[in-house]
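Trainee: Coordinates in target-v2.txt, compact mmCIF, C-alpha atoms and all ligand atoms, are listed below.
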```
# COMPACT_ATOMS: atom_id res chain seq x y z
CA MET A 15 -29.58 -12.58 -4.80
CA TYR A 16 -26.19 -13.24 -3.19
CA THR A 17 -22.83 -13.02 -4.94
CA LEU A 18 -19.33 -13.54 -3.63
CA GLY A 19 -16.14 -11.78 -4.74
CA ILE A 20 -12.85 -13.50 -3.93
CA ASP A 21 -9.64 -11.50 -4.40
CA ILE A 22 -6.53 -13.67 -4.11
CA GLY A 23 -3.54 -11.35 -3.92
CA SER A 24 0.17 -11.93 -3.48
CA THR A 25 0.00 -11.13 0.23
CA THR A 26 -3.62 -11.38 1.37
CA SER A 27 -6.94 -12.97 0.39
CA LYS A 28 -10.08 -10.89 0.60
CA CYS A 29 -13.77 -11.80 0.19
CA VAL A 30 -16.99 -9.79 0.01
CA LEU A 31 -20.54 -11.17 0.09
CA LEU A 32 -22.95 -8.86 -1.70
CA LYS A 33 -26.76 -8.81 -1.62
CA ASP A 34 -28.55 -7.75 -4.81
CA GLY A 35 -25.43 -6.04 -6.15
CA SER A 36 -25.84 -3.21 -3.68
CA GLU A 37 -25.40 -4.21 -0.04
CA ILE A 38 -22.25 -5.58 1.56
CA ILE A 39 -23.36 -8.34 3.92
CA ALA A 40 -19.92 -9.54 5.06
CA LYS A 41 -16.24 -9.14 4.28
CA SER A 42 -13.13 -11.05 5.28
CA LEU A 43 -9.37 -10.72 5.01
CA ARG A 44 -6.69 -13.28 5.66
CA VAL A 45 -2.96 -12.91 5.39
CA GLY A 46 -1.72 -15.39 2.79
CA GLY A 47 -2.42 -15.26 -0.89
CA LEU A 48 -1.78 -17.63 -3.72
CA GLY A 49 -0.47 -21.05 -2.65
CA THR A 50 -1.43 -20.67 1.01
CA LYS A 51 -4.51 -21.46 3.09
CA GLY A 52 -5.43 -17.75 2.86
CA PRO A 53 -8.06 -18.04 0.08
CA ASP A 54 -9.96 -20.98 1.65
CA SER A 55 -9.79 -19.45 5.11
CA SER A 56 -11.04 -16.12 3.81
CA VAL A 57 -14.02 -17.77 2.05
CA ASN A 58 -14.70 -19.82 5.17
CA ASP A 59 -14.67 -16.67 7.34
CA ILE A 60 -17.56 -15.30 5.27
CA TRP A 61 -19.77 -18.33 5.96
CA GLU A 62 -18.75 -18.36 9.61
CA SER A 63 -19.29 -14.63 10.10
CA GLU A 64 -21.81 -13.26 12.57
CA GLU A 65 -23.46 -11.17 9.84
CA VAL A 66 -24.09 -14.14 7.56
CA LYS A 67 -25.34 -16.34 10.38
CA LYS A 68 -27.59 -13.57 11.69
CA ALA A 69 -29.08 -13.05 8.24
CA GLY A 70 -29.68 -16.83 7.95
CA ILE A 71 -27.73 -17.06 4.69
CA THR A 72 -26.09 -20.37 3.78
CA LYS A 73 -23.79 -21.52 0.95
CA LYS A 74 -26.88 -22.83 -0.87
CA ASP A 75 -28.15 -19.24 -1.21
CA LEU A 76 -25.07 -18.19 -3.17
CA ASP A 77 -25.90 -17.44 -6.80
CA ARG A 78 -22.43 -16.82 -8.20
CA ALA A 79 -18.81 -16.41 -7.09
CA ILE A 80 -16.11 -14.66 -9.11
CA VAL A 81 -12.39 -14.81 -8.40
CA THR A 82 -9.93 -12.02 -9.11
CA GLY A 83 -6.37 -11.10 -8.15
CA TYR A 84 -2.93 -12.43 -8.81
CA GLY A 85 -3.90 -16.00 -7.84
CA ARG A 86 -7.26 -16.10 -9.59
CA ARG A 87 -6.33 -18.66 -12.26
CA ASN A 88 -5.21 -21.27 -9.78
CA TYR A 89 -8.24 -21.17 -7.52
CA GLU A 90 -11.05 -23.57 -8.19
CA GLY A 91 -13.64 -22.35 -5.72
CA GLY A 92 -15.37 -19.86 -8.04
CA ASP A 93 -17.63 -19.83 -11.10
CA GLY A 94 -15.25 -17.72 -13.15
CA GLU A 95 -12.41 -15.22 -13.00
CA VAL A 96 -12.03 -11.56 -13.94
CA SER A 97 -8.95 -9.32 -14.11
CA GLU A 98 -7.86 -7.27 -11.11
CA LEU A 99 -7.93 -4.05 -13.15
CA THR A 100 -11.62 -4.48 -13.94
CA CYS A 101 -12.48 -5.47 -10.38
CA HIS A 102 -10.56 -2.65 -8.66
CA ALA A 103 -12.19 -0.12 -10.98
CA LEU A 104 -15.67 -1.57 -10.39
CA GLY A 105 -15.18 -1.85 -6.63
CA ALA A 106 -13.79 1.67 -6.27
CA ARG A 107 -16.67 3.11 -8.31
CA PHE A 108 -19.10 1.32 -6.01
CA VAL A 109 -17.80 3.60 -3.25
CA PHE A 110 -16.81 6.84 -5.04
CA ASP A 111 -19.08 8.76 -7.40
CA GLY A 112 -17.52 10.40 -10.43
CA LEU A 113 -14.31 8.40 -10.05
CA ARG A 114 -11.71 8.99 -12.80
CA THR A 115 -8.47 7.54 -11.39
CA VAL A 116 -7.66 4.57 -9.17
CA ILE A 117 -4.19 4.20 -7.66
CA ASP A 118 -3.95 0.59 -6.56
CA ILE A 119 -0.93 -0.40 -4.49
CA GLY A 120 -0.92 -3.99 -3.30
CA GLY A 121 1.62 -6.35 -1.84
CA GLN A 122 3.49 -6.97 -5.04
CA ASP A 123 2.45 -4.49 -7.71
CA ALA A 124 1.08 -1.00 -8.37
CA LYS A 125 -1.46 0.00 -10.99
CA ILE A 126 -2.94 3.28 -12.08
CA ILE A 127 -6.33 2.91 -13.74
CA ARG A 128 -8.00 5.72 -15.68
CA LEU A 129 -11.76 5.77 -16.08
CA SER A 130 -14.01 7.64 -18.48
CA GLU A 131 -16.86 9.82 -17.25
CA ASP A 132 -19.22 6.85 -17.55
CA GLY A 133 -16.85 4.59 -15.64
CA ARG A 134 -15.24 2.56 -18.42
CA MET A 135 -11.52 1.78 -18.11
CA THR A 136 -9.73 3.90 -20.72
CA ASN A 137 -6.08 3.34 -19.83
CA PHE A 138 -3.84 1.82 -17.21
CA VAL A 139 -0.20 1.49 -16.29
CA MET A 140 1.34 -1.14 -14.07
CA ASN A 141 4.54 -1.95 -12.19
CA ASP A 142 4.86 -5.64 -11.43
CA LYS A 143 8.57 -5.98 -12.13
CA CYS A 144 10.11 -4.18 -9.20
CA ALA A 145 9.32 -4.30 -5.47
CA ALA A 146 10.09 -0.59 -4.96
CA GLY A 147 6.80 1.27 -5.26
CA THR A 148 4.77 -1.64 -3.84
CA GLY A 149 3.69 -2.93 -0.44
CA ARG A 150 6.58 -5.36 -0.58
CA PHE A 151 9.06 -2.49 -0.17
CA LEU A 152 7.17 -1.28 2.91
CA ASP A 153 6.95 -4.80 4.36
CA VAL A 154 10.70 -5.39 3.89
CA MET A 155 11.50 -2.09 5.61
CA ALA A 156 9.01 -2.76 8.44
CA ASN A 157 10.78 -6.05 9.00
CA ILE A 158 14.22 -4.39 9.24
CA LEU A 159 12.88 -1.75 11.62
CA THR A 160 10.91 -4.37 13.62
CA VAL A 161 7.85 -2.18 13.35
CA ASP A 162 4.38 -3.31 12.24
CA VAL A 163 3.51 -1.85 8.83
CA ASP A 164 0.04 -1.04 10.26
CA ASP A 165 1.78 1.49 12.56
CA PHE A 166 3.59 3.36 9.76
CA THR A 167 0.90 6.07 9.50
CA LYS A 168 1.00 6.89 13.21
CA ILE A 169 4.80 6.83 13.49
CA ALA A 170 5.40 8.90 10.33
CA GLU A 171 3.14 11.63 11.76
CA GLU A 172 5.81 12.30 14.40
CA SER A 173 8.48 12.98 11.82
CA THR A 174 10.10 16.41 11.89
CA ASP A 175 12.59 15.88 9.08
CA ALA A 176 12.05 12.90 6.75
CA SER A 177 15.19 10.89 5.94
CA PRO A 178 15.28 10.58 2.17
CA ILE A 179 15.99 7.13 0.71
CA SER A 180 18.12 7.58 -2.38
CA SER A 181 18.34 3.94 -3.55
CA THR A 182 15.64 2.96 -6.00
CA CYS A 183 16.33 -0.76 -5.58
CA THR A 184 14.77 -2.53 -2.57
CA VAL A 185 17.95 -4.48 -1.81
CA PHE A 186 20.14 -1.33 -1.80
CA ALA A 187 17.46 0.64 0.06
CA GLU A 188 17.53 -2.06 2.74
CA SER A 189 21.27 -1.47 3.31
CA GLU A 190 20.69 2.28 3.20
CA VAL A 191 18.05 2.10 5.93
CA ILE A 192 20.29 -0.10 8.08
CA SER A 193 23.19 2.36 7.80
CA GLN A 194 20.88 5.35 8.46
CA LEU A 195 19.65 3.56 11.60
CA ALA A 196 23.27 2.95 12.66
CA ASN A 197 23.99 6.66 12.11
CA GLY A 198 21.23 7.60 14.53
CA ALA A 199 18.36 8.50 12.16
CA LYS A 200 15.07 8.75 14.06
CA MET A 201 12.43 6.09 13.44
CA PRO A 202 9.63 8.53 12.41
CA ASP A 203 11.97 10.29 9.96
CA LEU A 204 13.10 7.00 8.45
CA ILE A 205 9.55 5.71 8.09
CA LYS A 206 8.39 8.95 6.50
CA GLY A 207 11.32 8.75 4.09
CA ILE A 208 10.47 5.12 3.22
CA CYS A 209 6.81 6.01 2.56
CA SER A 210 7.81 9.02 0.45
CA SER A 211 10.11 6.80 -1.58
CA VAL A 212 7.19 4.47 -2.44
CA ALA A 213 4.98 7.46 -3.25
CA SER A 214 7.63 8.94 -5.52
CA ARG A 215 7.92 5.67 -7.52
CA VAL A 216 4.15 5.37 -7.88
CA ALA A 217 3.80 9.06 -8.80
CA GLY A 218 6.31 8.54 -11.62
CA LEU A 219 4.16 5.71 -12.93
CA ALA A 220 0.94 7.72 -12.50
CA ARG A 221 2.27 10.67 -14.51
CA ARG A 222 2.53 8.33 -17.51
CA VAL A 223 -1.26 8.03 -17.74
CA GLY A 224 -2.15 11.29 -15.99
CA VAL A 225 -4.18 11.64 -12.83
CA GLN A 226 -7.57 13.26 -12.71
CA GLU A 227 -9.89 13.81 -9.75
CA VAL A 228 -11.96 12.15 -8.39
CA CYS A 229 -8.94 10.01 -7.57
CA CYS A 230 -8.82 7.28 -4.93
CA MET A 231 -6.43 4.64 -3.66
CA SER A 232 -7.20 0.95 -3.51
CA GLY A 233 -5.25 -2.02 -2.15
CA GLY A 234 -3.72 -2.49 1.28
CA VAL A 235 -1.22 0.38 0.96
CA ALA A 236 -4.20 2.78 0.80
CA LYS A 237 -4.29 2.28 4.58
CA ASN A 238 -0.84 3.81 4.83
CA GLY A 239 -1.62 7.49 5.45
CA ALA A 240 2.01 8.56 4.96
CA VAL A 241 2.14 7.09 1.43
CA ARG A 242 -1.25 8.66 0.65
CA LYS A 243 -0.18 12.10 1.88
CA ALA A 244 3.15 11.96 0.02
CA LEU A 245 1.32 10.93 -3.16
CA GLU A 246 -1.08 13.87 -2.79
CA GLU A 247 1.89 16.22 -2.47
CA GLU A 248 3.74 14.68 -5.45
CA LEU A 249 0.74 14.59 -7.76
CA LYS A 250 -0.99 17.72 -6.43
CA VAL A 251 -4.39 16.05 -6.24
CA ASN A 252 -6.72 15.01 -3.46
CA ILE A 253 -6.70 11.29 -2.98
CA ALA A 254 -9.91 9.90 -1.55
CA PHE A 255 -9.74 7.09 0.98
CA ASP A 256 -12.29 4.63 2.25
CA PRO A 257 -11.66 1.96 4.90
CA LEU A 258 -12.91 -0.61 2.36
CA ALA A 259 -9.99 0.18 0.01
CA GLN A 260 -8.26 -3.17 0.50
CA HIS A 261 -11.55 -4.89 -0.43
CA PHE A 262 -12.23 -2.95 -3.65
CA GLY A 263 -11.04 -5.88 -5.79
CA ALA A 264 -13.33 -8.31 -3.95
CA ILE A 265 -16.26 -5.86 -4.14
CA GLY A 266 -15.67 -5.53 -7.89
CA ALA A 267 -15.62 -9.32 -8.30
CA ALA A 268 -18.90 -9.64 -6.37
CA LEU A 269 -20.43 -6.91 -8.56
CA TRP A 270 -19.20 -8.65 -11.70
CA ALA A 271 -20.79 -11.88 -10.42
CA TYR A 272 -24.05 -9.98 -9.85
CA ASN A 273 -24.09 -8.49 -13.35
CA GLU A 274 -23.26 -11.83 -14.92
CA HIS A 275 -25.97 -13.61 -12.95
CA MET A 276 -28.53 -10.95 -13.93
CA ARG A 277 -27.60 -11.32 -17.62
CA LYS A 278 -27.85 -15.10 -17.47
CA SER A 279 -31.23 -15.07 -15.71
CA LYS A 280 -32.60 -12.52 -18.20
CA SER A 281 -31.55 -14.59 -21.20
CA ALA A 282 -32.92 -17.78 -19.56
CA ASN A 283 -36.30 -16.05 -19.11
CA LYS A 284 -36.56 -14.93 -22.74
P1 LIG B 1 -2.31 -8.11 -2.45
O1 LIG B 1 -3.71 -7.93 -3.02
O2 LIG B 1 -1.24 -8.02 -3.48
O3 LIG B 1 -2.21 -9.35 -1.61
P2 LIG B 1 -3.03 -5.99 -0.61
O4 LIG B 1 -3.83 -5.08 -1.48
O5 LIG B 1 -3.78 -6.84 0.35
O6 LIG B 1 -2.05 -6.88 -1.50
O7 LIG B 1 -1.98 -5.09 0.15
C1 LIG B 1 -1.00 -5.64 0.98
C2 LIG B 1 -0.10 -4.53 1.47
O8 LIG B 1 -0.87 -3.57 2.17
C3 LIG B 1 0.95 -5.00 2.44
O9 LIG B 1 2.12 -5.27 1.72
C4 LIG B 1 1.11 -3.82 3.41
O10 LIG B 1 2.24 -3.06 3.06
C5 LIG B 1 -0.12 -2.97 3.19
N1 LIG B 1 -1.01 -2.85 4.37
C6 LIG B 1 -1.97 -3.72 4.72
N2 LIG B 1 -2.63 -3.32 5.82
C7 LIG B 1 -2.06 -2.14 6.17
C8 LIG B 1 -2.30 -1.21 7.24
N3 LIG B 1 -3.23 -1.41 8.17
N4 LIG B 1 -1.51 -0.10 7.28
C9 LIG B 1 -0.56 0.11 6.35
N5 LIG B 1 -0.30 -0.73 5.34
C10 LIG B 1 -1.03 -1.84 5.24
```
Show how you would write the structure in this file as structure tokens.

Mentor:
Amino acid sequence: MYTLGIDIGSTTSKCVLLKDGSEIIAKSLRVGGLGTKGPDSSVNDIWESEEVKKAGITKKDLDRAIVTGYGRRNYEGGDGEVSELTCHALGARFVFDGLRTVIDIGGQDAKIIRLSEDGRMTNFVMNDKCAAGTGRFLDVMANILTVDVDDFTKIAEESTDASPISSTCTVFAESEVISQLANGAKMPDLIKGICSSVASRVAGLARRVGVQEVCCMSGGVAKNGAVRKALEEELKVNIAFDPLAQHFGAIGAALWAYNEHMRKSKSANK
């Protein structure tokens, strides 16, 4: 049985094709979320992928597709939609055993999801009102510094003395970074300071619901090692990372599609 998870975010569109609810056959990621060609291109990449072609799978073999993410309600290419919270929790649990906390930082929001011992969502807290504490803050700063956000981890590692960012508002922080640059602040120190600022905002949010290990990050900012490290220091927990982190939402949607399809086929066979 093949199911597809489509996660349409604010910044990127991700897809995962799952076999029998247990094996990832293919994944895709396109820059461009809601209102762009990103979602269609990302779905198309799955069907055009080497893995899918090699396995001889075609669109006709697809049993169910579920859409999640910020843009899920406006996308018509799926059989249903499910909330991002549910999908990130499901997807992260697919990878990490005994998971109790998910820290999801995407392009436009941050969420902390608490799970019970048996994996049910028990609580969550979310920031979708302010860019500080989200990928957006990092993207804005990367743009000012003319550095690729993908290089933040590597550059921040060279920092000897992080430059703290005192402004909590993205617009003011932008001016602060520009004036620190003009005053000769070093790039690694600035980038480390920027990443710590995001971590500090998210840690404040996380403390509201409490963080318990096993704790992992999901969303694209999980790939930013400097944010991850600063969060570990702030929250005094280990934060697990998996290279699939940005796809957890899509994995969760594909799993949801699998469970739904199983339920429907069981009731049809009764
Ligand atoms: P959304 O689901 O809201 O579209 P994502 O979960 O895809 O967002 O995360 C997008 C964010 O992830 C970007 O704003 C960027 O800051 C960050 N990001 C993506 N890839 C990387 C990378 N390789 N290194 C560091 N940060 C990254």

Trainee: Please, which residues have at least one atom within 10 Å of an atom of ligand LIG 1 (chain B), using only C-alpha atoms and all ligand atoms, listed as a compact mmCIF listing (two decimals) with C-alpha atoms, keeping the file's coordinate frame?

Mentor:
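Writing done, so here's selection-v5.txt:
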```
# COMPACT_ATOMS: atom_id res chain seq x y z
CA ASP A 21 -9.64 -11.50 -4.40
CA ILE A 22 -6.53 -13.67 -4.11
CA GLY A 23 -3.54 -11.35 -3.92
CA SER A 24 0.17 -11.93 -3.48
CA THR A 25 0.00 -11.13 0.23
CA THR A 26 -3.62 -11.38 1.37
CA SER A 27 -6.94 -12.97 0.39
CA LYS A 28 -10.08 -10.89 0.60
CA LEU A 43 -9.37 -10.72 5.01
CA ARG A 44 -6.69 -13.28 5.66
CA VAL A 45 -2.96 -12.91 5.39
CA GLY A 46 -1.72 -15.39 2.79
CA GLY A 47 -2.42 -15.26 -0.89
CA LEU A 48 -1.78 -17.63 -3.72
CA THR A 82 -9.93 -12.02 -9.11
CA GLY A 83 -6.37 -11.10 -8.15
CA TYR A 84 -2.93 -12.43 -8.81
CA GLY A 85 -3.90 -16.00 -7.84
CA GLU A 98 -7.86 -7.27 -11.11
CA ASP A 118 -3.95 0.59 -6.56
CA ILE A 119 -0.93 -0.40 -4.49
CA GLY A 120 -0.92 -3.99 -3.30
CA GLY A 121 1.62 -6.35 -1.84
CA GLN A 122 3.49 -6.97 -5.04
CA ASP A 123 2.45 -4.49 -7.71
CA ALA A 124 1.08 -1.00 -8.37
CA THR A 148 4.77 -1.64 -3.84
CA GLY A 149 3.69 -2.93 -0.44
CA ARG A 150 6.58 -5.36 -0.58
CA PHE A 151 9.06 -2.49 -0.17
CA LEU A 152 7.17 -1.28 2.91
CA ASP A 153 6.95 -4.80 4.36
CA VAL A 154 10.70 -5.39 3.89
CA MET A 155 11.50 -2.09 5.61
CA ALA A 156 9.01 -2.76 8.44
CA ASP A 162 4.38 -3.31 12.24
CA VAL A 163 3.51 -1.85 8.83
CA ASP A 164 0.04 -1.04 10.26
CA ASP A 165 1.78 1.49 12.56
CA PHE A 166 3.59 3.36 9.76
CA THR A 167 0.90 6.07 9.50
CA LYS A 168 1.00 6.89 13.21
CA SER A 232 -7.20 0.95 -3.51
CA GLY A 233 -5.25 -2.02 -2.15
CA GLY A 234 -3.72 -2.49 1.28
CA VAL A 235 -1.22 0.38 0.96
CA ALA A 236 -4.20 2.78 0.80
CA LYS A 237 -4.29 2.28 4.58
CA ASN A 238 -0.84 3.81 4.83
CA GLY A 239 -1.62 7.49 5.45
CA ALA A 240 2.01 8.56 4.96
CA VAL A 241 2.14 7.09 1.43
CA PRO A 257 -11.66 1.96 4.90
CA ALA A 259 -9.99 0.18 0.01
CA GLN A 260 -8.26 -3.17 0.50
CA HIS A 261 -11.55 -4.89 -0.43
CA PHE A 262 -12.23 -2.95 -3.65
CA GLY A 263 -11.04 -5.88 -5.79
CA ALA A 264 -13.33 -8.31 -3.95
```

Trainee: Can you tell me, as a PyMOL selection string, what residues are no more than 7 Å from stretch 131-140 of chain A when counting only C-alpha atoms, ignoring any on the same chain fewer than 5 positions away?

Mentor: chain A and resi 112+114+124-126+219+223

Trainee: Quick one: residues within 9 Å of stretch 178-184 of chain A, all atoms listed in the file, excluding same-chain residues fewer than 4 positions away - as a PyMOL selection string?

Mentor: chain A and resi 144-146+150-151+154-155+188-191+203-204+206-208+210-211+215

Trainee: Which residues are close to A:Val225, i.e. within 10 Å by all atoms listed in the file, leaving aside same-chain residues fewer than 4 positions away? Reply as a PyMOL selection string.

Mentor: chain A and resi 114-117+126-128+217+220-221+229+249-251

Trainee: Please, what distance in Å, to one decimal, runs between atom CA of A:Glu65 and atom CA of A:Ser279?

Mentor: 27.0 Å

Trainee: Quick one, how far is atom CA of A:Glu95 from atom CA of A:Ile80?

Mentor: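 That distance, rounded to one decimal, is 5.4 Å.
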
Trainee: Which residues are near A:Ala254? Cut-off 9 Å, all atoms listed in the file, ignore same chain within fewer than 5 positions. Put them as a ChimeraX atom specification.

Mentor: /A:110,228-231

Trainee: So the first atom is atom CA of A:Met201 and the second is atom CA of A:Ala176; what is the distance between them in Å, to one decimal place?

Mentor: 9.6 Å

Trainee: Measuring between only C-alpha atoms, which one of A:Leu195, A:Met276, A:Leu129, A:Val57 shows the shortest distance to A:Arg107?

Mentor: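 For A:Arg107, the nearest of the given residues is A:Leu129.
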
Trainee: Between stretch 19-52 of chain A and stretch 100-106 of chain A, at 12 Å or less, what are the per-residue closest atom pairs and their distances in Å? Count all atoms listed in the file, order by chain and rising residue number, and return it as JSON lines.

Mentor:
```
{"residue": "A:Gly19", "atom": "CA", "partner": "A:Cys101", "partner_atom": "CA", "distance": 9.2}
{"residue": "A:Ile20", "atom": "CA", "partner": "A:Cys101", "partner_atom": "CA", "distance": 10.3}
{"residue": "A:Asp21", "atom": "CA", "partner": "A:Cys101", "partner_atom": "CA", "distance": 9.0}
{"residue": "A:Ile22", "atom": "CA", "partner": "A:Cys101", "partner_atom": "CA", "distance": 11.9}
{"residue": "A:Val30", "atom": "CA", "partner": "A:Gly105", "partner_atom": "CA", "distance": 10.5}
{"residue": "A:Leu32", "atom": "CA", "partner": "A:Gly105", "partner_atom": "CA", "distance": 11.6}
{"residue": "A:Gly35", "atom": "CA", "partner": "A:Gly105", "partner_atom": "CA", "distance": 11.1}
{"residue": "A:Ser36", "atom": "CA", "partner": "A:Gly105", "partner_atom": "CA", "distance": 11.1}
{"residue": "A:Ile38", "atom": "CA", "partner": "A:Gly105", "partner_atom": "CA", "distance": 11.4}
```

Trainee: Quick one: residues within 12 Å of A:Lys73, only C-alpha atoms counted, chain neighbours fewer than 3 positions away excluded, as a PyMOL selection string?

Mentor: chain A and resi 16-18+31+57-58+60-62+66-67+70+76-79

Trainee: Place N, CA, C and O atoms on stretch 244-255 of chain A and deliver the coordinates as a tab-separated table (two decimals), keeping the file's coordinate frame.

Mentor:
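Wrote selection_38.tsv, looks like this:
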```
chain	number	residue	atom	x	y	z
A	244	ALA	N	2.00	11.65	0.89
A	244	ALA	CA	3.15	11.96	0.02
A	244	ALA	C	2.72	11.91	-1.45
A	244	ALA	O	3.18	12.73	-2.26
A	245	LEU	N	1.82	11.01	-1.78
A	245	LEU	CA	1.32	10.93	-3.16
A	245	LEU	C	0.51	12.18	-3.51
A	245	LEU	O	0.61	12.71	-4.63
A	246	GLU	N	-0.29	12.64	-2.56
A	246	GLU	CA	-1.08	13.87	-2.79
A	246	GLU	C	-0.15	15.04	-3.07
A	246	GLU	O	-0.39	15.84	-3.97
A	247	GLU	N	0.94	15.11	-2.29
A	247	GLU	CA	1.89	16.22	-2.47
A	247	GLU	C	2.61	16.11	-3.82
A	247	GLU	O	2.76	17.10	-4.53
A	248	GLU	N	3.02	14.90	-4.18
A	248	GLU	CA	3.74	14.68	-5.45
A	248	GLU	C	2.86	14.99	-6.65
A	248	GLU	O	3.29	15.60	-7.61
A	249	LEU	N	1.61	14.50	-6.58
A	249	LEU	CA	0.74	14.59	-7.76
A	249	LEU	C	-0.16	15.83	-7.74
A	249	LEU	O	-0.88	16.10	-8.72
A	250	LYS	N	-0.17	16.52	-6.60
A	250	LYS	CA	-0.99	17.72	-6.43
A	250	LYS	C	-2.46	17.46	-6.73
A	250	LYS	O	-3.12	18.18	-7.49
A	251	VAL	N	-2.96	16.38	-6.16
A	251	VAL	CA	-4.39	16.05	-6.24
A	251	VAL	C	-4.85	15.58	-4.86
A	251	VAL	O	-4.04	15.19	-4.03
A	252	ASN	N	-6.17	15.63	-4.67
A	252	ASN	CA	-6.72	15.01	-3.46
A	252	ASN	C	-6.90	13.53	-3.74
A	252	ASN	O	-7.37	13.17	-4.82
A	253	ILE	N	-6.52	12.73	-2.80
A	253	ILE	CA	-6.70	11.29	-2.98
A	253	ILE	C	-7.71	10.79	-1.94
A	253	ILE	O	-7.45	10.88	-0.73
A	254	ALA	N	-8.84	10.34	-2.44
A	254	ALA	CA	-9.91	9.90	-1.55
A	254	ALA	C	-9.55	8.54	-0.94
A	254	ALA	O	-8.90	7.72	-1.58
A	255	PHE	N	-10.01	8.36	0.29
A	255	PHE	CA	-9.74	7.09	0.98
A	255	PHE	C	-11.02	6.57	1.61
A	255	PHE	O	-11.83	7.33	2.12
```
